[in-house]
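**Q** Sharing final-v7.txt, compact mmCIF, C-alpha atoms and all ligand atoms:
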# COMPACT_ATOMS: atom_id res chain seq x y z
CA MET A 1 -26.43 -38.13 -24.62
CA GLY A 2 -25.98 -34.55 -23.51
CA TYR A 3 -24.56 -33.32 -20.29
CA SER A 4 -26.84 -32.53 -17.42
CA LYS A 5 -27.39 -28.87 -16.71
CA ARG A 6 -25.40 -28.94 -13.54
CA LYS A 7 -22.47 -30.59 -15.24
CA THR A 8 -22.47 -28.03 -18.04
CA LYS A 9 -22.38 -25.26 -15.48
CA LYS A 10 -19.43 -26.87 -13.78
CA ILE A 11 -17.62 -27.23 -17.09
CA LYS A 12 -18.12 -23.53 -17.80
CA GLU A 13 -16.89 -22.57 -14.39
CA ILE A 14 -13.75 -24.62 -14.84
CA ALA A 15 -13.22 -23.17 -18.31
CA LEU A 16 -13.43 -19.61 -16.99
CA GLU A 17 -11.02 -20.43 -14.20
CA ARG A 18 -8.56 -21.86 -16.69
CA ILE A 19 -8.85 -18.86 -18.96
CA GLU A 20 -8.13 -16.58 -16.02
CA ILE A 21 -5.01 -18.55 -15.13
CA LEU A 22 -3.81 -18.78 -18.73
CA MET A 23 -4.31 -15.10 -19.42
CA ASN A 24 -2.39 -14.16 -16.30
CA LEU A 25 0.39 -16.42 -17.50
CA ALA A 26 0.20 -14.80 -20.92
CA GLU A 27 0.65 -11.37 -19.38
CA GLU A 28 3.55 -12.60 -17.33
CA ALA A 29 5.13 -14.17 -20.41
CA TYR A 30 4.81 -10.89 -22.28
CA ARG A 31 6.53 -9.00 -19.48
CA LYS A 32 9.35 -11.50 -19.58
CA GLY A 33 9.67 -11.15 -23.33
CA GLN A 34 8.52 -14.72 -24.02
CA LEU A 35 6.29 -13.86 -26.95
CA GLU A 36 5.89 -17.34 -28.38
CA ARG A 37 4.77 -18.62 -25.02
CA MET A 38 2.38 -15.72 -24.60
CA ARG A 39 0.73 -16.48 -27.94
CA ARG A 40 0.34 -20.12 -27.01
CA TYR A 41 -1.42 -19.17 -23.79
CA ILE A 42 -3.78 -16.86 -25.62
CA GLU A 43 -4.57 -19.47 -28.26
CA LEU A 44 -5.18 -22.05 -25.61
CA SER A 45 -7.53 -19.89 -23.60
CA ARG A 46 -9.51 -18.96 -26.71
CA ARG A 47 -9.83 -22.60 -27.59
CA ILE A 48 -11.05 -23.42 -24.09
CA ALA A 49 -13.69 -20.70 -24.33
CA MET A 50 -14.87 -22.06 -27.65
CA LYS A 51 -15.02 -25.64 -26.49
CA ALA A 52 -16.88 -24.86 -23.28
CA ARG A 53 -19.04 -22.33 -25.17
CA VAL A 54 -18.39 -19.57 -22.71
CA PRO A 55 -18.05 -15.99 -23.89
CA PHE A 56 -14.50 -14.82 -23.52
CA PRO A 57 -14.31 -12.78 -20.29
CA LYS A 58 -14.88 -9.10 -21.09
CA LYS A 59 -11.99 -8.07 -18.94
CA TRP A 60 -9.61 -10.02 -21.17
CA LYS A 61 -11.39 -9.54 -24.46
CA ARG A 62 -10.43 -5.88 -24.34
CA ARG A 63 -6.88 -6.80 -23.65
CA ILE A 64 -6.08 -9.06 -26.55
CA CYS A 65 -5.07 -7.87 -29.97
CA LYS A 66 -6.71 -10.43 -32.25
CA LYS A 67 -4.52 -9.46 -35.13
CA CYS A 68 -1.14 -10.22 -33.60
CA LEU A 69 -2.27 -12.18 -30.53
CA THR A 70 -0.67 -9.94 -27.97
CA VAL A 71 -1.76 -9.20 -24.44
CA LEU A 72 -2.27 -5.47 -24.31
CA ILE A 73 -0.95 -3.77 -21.22
CA TYR A 74 -2.12 -0.21 -20.80
CA GLY A 75 0.72 2.22 -20.85
CA VAL A 76 3.13 -0.40 -22.17
CA ASN A 77 2.12 -1.65 -25.60
CA CYS A 78 -1.18 0.05 -26.28
CA THR A 79 -2.82 3.44 -26.10
CA VAL A 80 -6.37 4.07 -24.96
CA ARG A 81 -8.46 7.04 -25.92
CA THR A 82 -12.14 7.85 -25.92
CA VAL A 83 -13.63 8.99 -29.18
CA SER A 84 -16.72 11.14 -28.72
CA ASP A 85 -18.20 10.37 -32.12
CA LYS A 86 -21.84 11.50 -32.05
CA SER A 87 -23.30 8.44 -33.73
CA CYS A 88 -21.01 5.96 -32.07
CA PRO A 89 -18.97 7.08 -29.10
CA HIS A 90 -16.35 4.49 -28.32
CA VAL A 91 -13.12 3.70 -26.61
CA ALA A 92 -10.29 3.05 -29.04
CA ILE A 93 -7.51 0.79 -27.91
CA LYS A 94 -4.56 0.79 -30.23
CA CYS A 95 -2.07 -2.03 -30.27
CA LEU A 96 1.37 -0.52 -30.60
CA ASN A 97 2.76 -3.80 -31.84
CA CYS A 98 0.80 -4.02 -35.09
CA GLY A 99 -1.27 -0.82 -35.16
CA ASN A 100 -4.61 -2.62 -34.92
CA VAL A 101 -7.39 -0.62 -33.24
CA ILE A 102 -10.00 -2.26 -31.05
CA LYS A 103 -13.20 -0.27 -30.76
CA ILE A 104 -15.42 -0.67 -27.75
CA PRO A 105 -18.77 1.06 -28.02
CA MET A 106 -19.80 3.04 -24.96
CA VAL A 107 -23.50 2.95 -25.68
CA ARG A 108 -24.31 0.11 -23.37
CA GLU A 109 -22.49 1.65 -20.46
CA LYS A 110 -24.26 4.93 -21.02
CA LYS A 111 -27.62 3.21 -21.01
CA LEU A 112 -26.69 1.47 -17.81
CA LYS A 113 -25.75 4.74 -16.18
CA ARG A 114 -29.06 6.26 -17.22
CA ARG A 115 -30.91 3.33 -15.76
CA LEU A 116 -29.02 3.63 -12.51
CA LYS A 117 -29.80 7.33 -12.36
CA ARG A 118 -33.47 6.63 -12.89
CA MET A 119 -33.44 4.05 -10.15
CA ALA A 120 -31.83 6.53 -7.79
CA SER A 121 -34.33 9.27 -8.58
CA THR A 122 -37.43 7.12 -8.02
CA LYS A 123 -36.39 6.37 -4.49
ZN ZN B 201 -1.61 -6.14 -32.48
Turn the structure described in the file into structure tokens.
Ligand SMILES: [Zn+2]
**A**
Amino acid sequence: MGYSKRKTKKIKEIALERIEILMNLAEEAYRKGQLERMRRYIELSRRIAMKARVPFPKKWKRRICKKCLTVLIYGVNCTVRTVSDKSCPHVAIKCLNCGNVIKIPMVREKKLKRRLKRMASTK
């Protein structure tokens, strides 16, 4: 027997709330130098997302180094730069802990901007 739609929605909401809380705790733990604790919080929130089948919040996705499970704090343990590669412009976030680079394509955002512009001009 599956869950009703409404119940599933509620479960997802709760999962996202928990992830938000856990990730804030993870950031706090990092700032206090409690790295083991931070990793546990990250693992836990990823597990919650998987179980509830919710996509990991974008806001946090960009702030986790998957390689070393560290919360990335801009200006503290990672560097951010935009790479204007013609075929694939992206934002490169580099984890200063392990050197891993997270690439975030900018294509979608560009498309969105274009769409917004079009909407503004047809008014
Ligand atoms: Zn890393």
**Q** Which chains and residue numbers are within 8 Å of ligand ZN 201 (chain B), counting only C-alpha atoms and all ligand atoms, if I want them as a PyMOL selection string?
**A** chain A and resi 64-70+94-100
**Q** For each of A:Ser84, A:Ser121, A:Asn77, A:Ser45, take the minimum atom-to-atom distance to Met23 of chain A, counting all atoms listed in the file, then give the residue where this is smallest.
**A** A:Ser45
**Q** Name the closest residue to Val101 of chain A among the candidates A:Cys78, A:Pro89, A:Lys113, A:Ala15; distances are taken between atoms, counting only C-alpha atoms.
**A**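 Ranking A:Cys78, A:Pro89, A:Lys113, A:Ala15 by distance to Val101 of chain A, first place goes to A:Cys78.
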**Q** Can you work out the spacing between atom CA of Lys5 of chain A and atom CA of Arg46 of chain A in Å, to one decimal?
**A**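 Distance between the two atoms: 22.8 Å.
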**Q** For a quick check of understanding, using only C-alpha atoms, which of A:Lys51, A:Lys10, A:Arg114, A:Lys103 has the smallest distance to Arg63 of chain A?
**A**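 Nearest to Arg63 of chain A: A:Lys103.
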**Q** Dump as number ranges by chain all residues having an atom at most 10 Å from (-11.9, -20.1, -21.9), computed in the file's coordinates with all atoms listed in the file.
**A** A: 12-23, 42-57
**Q** Could you tell me which of A:Ile93, A:Met38, A:Glu28, A:Ile11 comes closest to Gly75 of chain A if we count all atoms listed in the file?
**A** A:Ile93
